[in-house]
Amino acid sequence: MDISKETLFDLHHRMVRIRIFEEEAGKLMESAKIPGALHLYVGEEAVAAGVMCNLSDQDQITSTHRGHGHLVAKGGDFKKMYAELYGRSTGYCGGKGGSMHISDMDLGMLGANGIVAGGPPIAMGAAFANKYKGNGNVAVAFFGDGASNEGAFHEAANMAATWKLPLVLCCENNGYGEFTPQANHQAIKDVADRAVGYGMPGVVCDGMDAVAVYEAAHEAVARARRGEGPTLLECKTYRFFDHVGIRGIGLSYRSDDEVMEWKKRDAIQAIEKRMIEVGVATAEELAAVHDRVKIEAAEAIAFGEASPWPDESTLLKDVYNND
Amino acid sequence: MTQAPTSEPRKLPYILAITEGLRQSLAADENVFLAGEDVAGAGSVFGYTRGLLAEFGAKRVIDTPISEEGIMGLGVGASACGLRPIIDLMFMDFIGECMDEVLNQMAKMRYMFGGKATLPVTVTTMSGAGMNLAAQHSQSLEAWLCHVPGLKVVMPSTPYDAKGLLISAVRDNNPVFVVFHKGLLGMPGEVPEEPYAIPLGKANIVRPGSNFTIIATSKMVHEATKAAAELAEDGIDVEVIDPRTVQPLDSETIINSVKKTHRALIVHEAVRFGGLGAEIAAQIQEEAFDFLDAPVGRVGAPFSPVPFTPALEKAYLPNADKIKAEVKRIVGRAG
Ligand SMILES: Cc1ncc(C[n+]2csc(CCOP(=O)(O)OP(=O)(O)O)c2C)c(N)n1
Ligand SMILES: [Mg+2]
């Protein structure tokens with residue numbers, strides 16, 4: 001597959017936006033400016049970027065507790081995102097959702113989710129709606145290696161395959177469910193192996209390589225759009241930070257050496273090296289992308305911090321649609 | 001002047017009282033094991049199982065996959081076959097993932113089998129809002145459990161209760177849910193070192209009083225006690241009752257108190273509609289109608305999911321001020 005210059009820049013831009021959004025969000029959490037807990041996506045950027053480059057705003061995704069990266073990659077507005085993390089009225093959910101429920105229905109982002117494997121059944125339902133309407137749209141469910149042990153994932157996979165729904169089940173296998181390594185929570189190495197039990201293709205790709213994810217997702221999305229049914233796409237990746245927060249090393253459940261090995265494969269550094277080597281970008285151009293995104297983030301953080309708190313009168317609003 | 005060292009009662013935070021209750025339960029009986037997500041290697045996300053893996057080994061302190069229905073089934077099957085599992089359900093909100101095992105299996109097996117099965121399983125879980133963890137990590141769902149015949153439910157409000165109720169739960173020959181509150185984990189209190197059991201189904205009169213009864217659960221016990229102290233200045237002498245066990249409920253202690261005080265308010269953090277307060281209020285009017293000087297009141301959360309933002313979560317949560325206002329409204333109405 002030939003990757004165009006535009007696609008490379010697109011992948012790069014989405015990844016840089018995720019990285020900077022997350023690093024800044026992490027700092028705000030550590031300094032207690034943002035309430036609650038954040039599960040950050042740093043290290044896994046290639047997965048969200050590589051998949052989302054294949055989707056339109058009409059295609060839907062479901063996300064996880066580690067959801068900021070998915071929304072950013074789908075085109076999320078930093079201002080509304082930071083405002084939501086701050087719990088302000090100008091945030092995506094008016095402050096009611098926060099990090100774990102951040103969403104943008106206009107972008108087809110059906111929510112981060114506080115329930116592990118909450119996403120796959122919902123994405124299956126979205127895919128059903130797409131098929132029902134015949135609109136050609138595809139739904140993608142992101143979920144972790146840990147989530148692949150929940151019954152919810154298995155039921156969604158079976159239904160999607162049986163009904164040939166336009167769904168991609170995208171497993172972000174980062175090797176851990178919280179603090180438990182994969183080998184202690186399942187007897188397989190490739191979550192993609194589970195696909196065979198449901199009668200769908202299972203594909204493994206390098207989740208630290210945005211181009212590899214892009215290509216694998218391209219085929220899975222195309223297959224779904226052609227009406228041939230779901231694919232289980234497993235991306236091998238790694239979170240550079242702890243389960244919650246920004247601490248990366250010195251953790252009891254994984255070795256610093258392991259972290260350092262994975263960091264050598266940093267997806268942003270890798271794509272930049274590649275873009276420079278093949279001559280589609282200069283180091284200066286790529287640095288300028290970082291600079292622009294940093295400004296975007298700084299402005300959005302200032303917006304979030306200056307935004308008003310939601311009014312108490314909104315507490316009971318939107319429990320129901322009263323129209 | 002020298003004095004013989006007085007033996008100060010030992011204090012522990014709620015979180016370590018849980019650990020001690022688990023440790024002593026594991027030590028007391030080889031058939032007790034502890035299983036849940038990240039309870040072994042990581043010592044639980046809340047930290048209350050820290051050290052137990054090292055002490056009891058991987059056979060008895062077990063990290064499970066993220067599979068709540070499976071974990072709950074583990075508790076049902078293993079308890080039906082002679083073990084005494086302690087199953088940790090990290091957040092109470094996740095009960096949605098495993099409600100069939102709880103509702104249709106664990107609770108009913110003994111009855112359906114004509115008394116031939118015994119299920120001595122304990123489920124520990126964490127309820128409660130107030131930490132900006134949003135709608136899926138903050139709920140108090142005890143009313144769901146109390147509605148199911150076959151289950152017992154305790155809600156420890158202090159470190160002393162956390163350990164004593166947990167030990168009783170593990171010793172009991174029925175499924176017992178031990179519902180902790182994450183907002184209490186750091187709370188210190190007296191906890192005897194030796195194992196002790198607080199009887200299930202017995203309420204605790206936290207503060208005796210003569211002319212008003214507040215029945216409060218879990219963290220709300222402390223809000224009620226605070227309100228009671230302030231109300232005393234207005235001449236309202238509040239008796240605060242902590243049921244400790246909400247299924248089976250110690251109706252007798254509650255009714256006797258209301259017969260004495262003639263007014264009552266029930267306080268819980270769970271949504272008011274269909275909450276335990278409704279059951280307790282109904283029992284009071286059934287059993288003590290002629291003693292009442294005013295309608296029984298209820299303070300609970302409004303009918304909405306728990307909002308993330310601190311601005312709304314504060315408004316959402318019941319607290320001492322809301323309790324005080326409700327007590328005064330009830331007293332004023334009667335006067
Ligand atoms: C139903 C449910 N069970 C448990 C949890 C607690 N929890 C939150 S994230 C997580 C680990 C998820 O692991 P994985 O699916 O691999 O995603 P990762 O965090 O690695 O991205 C757990 C156990 C939860 N939120 N929901
Ligand atoms: Mg994982």
# chains A, B, ... in the order shown; residues from 1 in each chain; ligands from 1
>>> interface_residues(of="chain A", to="chain B", cutoff="9 Å", atoms="only C-alpha atoms", output="PDB file with C-alpha atoms, in the first residue's frame")
ATOM      1  CA  PRO A  35     -10.565  16.743  39.729  1.00  0.00           C
ATOM      2  CA  GLY A  36     -10.828  12.961  39.656  1.00  0.00           C
ATOM      3  CA  ALA A  37      -8.543  10.480  37.942  1.00  0.00           C
ATOM      4  CA  GLU A  84     -14.838  18.901  30.422  1.00  0.00           C
ATOM      5  CA  LEU A  85     -11.840  17.634  32.376  1.00  0.00           C
ATOM      6  CA  TYR A  86     -12.075  20.793  34.466  1.00  0.00           C
ATOM      7  CA  GLY A  87     -15.774  20.057  35.048  1.00  0.00           C
ATOM      8  CA  ARG A  88     -16.921  23.317  33.504  1.00  0.00           C
ATOM      9  CA  GLY A  94     -21.352  20.335  30.484  1.00  0.00           C
ATOM     10  CA  GLY A  95     -19.122  18.961  33.232  1.00  0.00           C
ATOM     11  CA  LYS A  96     -21.341  15.972  33.964  1.00  0.00           C
ATOM     12  CA  GLY A  97     -19.138  13.330  32.369  1.00  0.00           C
ATOM     13  CA  GLY A  98     -15.514  14.252  32.954  1.00  0.00           C
ATOM     14  CA  SER A  99     -12.593  12.243  31.620  1.00  0.00           C
ATOM     15  CA  MET A 100     -14.286   8.856  31.812  1.00  0.00           C
ATOM     16  CA  HIS A 101     -17.417   9.835  29.903  1.00  0.00           C
ATOM     17  CA  ASN A 113     -16.564   4.441  29.231  1.00  0.00           C
ATOM     18  CA  GLY A 114     -16.023   3.752  32.901  1.00  0.00           C
ATOM     19  CA  ILE A 115     -17.089   0.158  32.452  1.00  0.00           C
ATOM     20  CA  VAL A 116     -14.434  -2.121  31.011  1.00  0.00           C
ATOM     21  CA  GLY A 146      -8.146  -6.857  29.849  1.00  0.00           C
ATOM     22  CA  ALA A 147     -11.536  -6.036  28.371  1.00  0.00           C
ATOM     23  CA  SER A 148     -11.314  -9.022  26.042  1.00  0.00           C
ATOM     24  CA  ASN A 149     -12.036 -11.177  29.131  1.00  0.00           C
ATOM     25  CA  GLU A 150     -15.446  -9.637  29.731  1.00  0.00           C
ATOM     26  CA  GLY A 151     -18.536 -11.473  28.557  1.00  0.00           C
ATOM     27  CA  ALA A 152     -19.759  -8.246  26.967  1.00  0.00           C
ATOM     28  CA  GLY A 177      -5.119  -4.826  32.613  1.00  0.00           C
ATOM     29  CA  GLU A 178      -4.412  -2.292  35.329  1.00  0.00           C
ATOM     30  CA  PHE A 179      -1.492  -3.942  37.152  1.00  0.00           C
ATOM     31  CA  THR A 180      -1.996  -7.487  35.962  1.00  0.00           C
ATOM     32  CA  ASN A 184      -1.788 -13.665  34.316  1.00  0.00           C
ATOM     33  CA  HIS A 185      -5.198 -12.810  32.905  1.00  0.00           C
ATOM     34  CA  GLN A 186      -5.469 -14.955  29.769  1.00  0.00           C
ATOM     35  CA  SER A 252       6.157  -2.358  41.108  1.00  0.00           C
ATOM     36  CA  TYR A 253       4.331  -4.384  38.472  1.00  0.00           C
ATOM     37  CA  TRP A 309     -18.870  26.073  36.643  1.00  0.00           C
ATOM     38  CA  PRO A 310     -22.194  24.555  35.666  1.00  0.00           C
ATOM     39  CA  ASP A 311     -25.145  26.058  37.449  1.00  0.00           C
ATOM     40  CA  GLU A 312     -26.753  23.960  40.173  1.00  0.00           C
ATOM     41  CA  SER A 313     -30.009  24.167  38.258  1.00  0.00           C
ATOM     42  CA  THR A 314     -28.542  21.798  35.666  1.00  0.00           C
ATOM     43  CA  LEU A 315     -28.226  18.945  38.177  1.00  0.00           C
ATOM     44  CA  LEU A 316     -31.530  17.325  37.215  1.00  0.00           C
ATOM     45  CA  LYS A 317     -31.411  18.318  33.563  1.00  0.00           C
ATOM     46  CA  ASP A 318     -31.002  15.561  30.961  1.00  0.00           C
ATOM     47  CA  VAL A 319     -31.910  12.617  33.128  1.00  0.00           C
TER      48      VAL A 319
END
>>> residues_near_ligand(ligand="ligand 2", cutoff="6 Å", atoms="only C-alpha atoms and all ligand atoms", output="number ranges by chain")
A: 144-146, 173-177
>>> select_by_dssp(residues="range 166-282 of chain B", states="alpha helix (DSSP H)", output="PyMOL selection string")
chain B and resi 166-171+220-232+251-261+276-282
>>> residues_around(residues="Gln58 in chain A", least_positions_apart="2", cutoff="7 Å", atoms="only C-alpha atoms", output="JSON, numbers by chain")
{"A": [56, 60, 107, 108, 137]}
>>> closest_residue(among="B:Gln105, B:Ser138, B:Thr118, B:Ser257", to="ligand 1", atoms="only C-alpha atoms and all ligand atoms")
B:Ser138
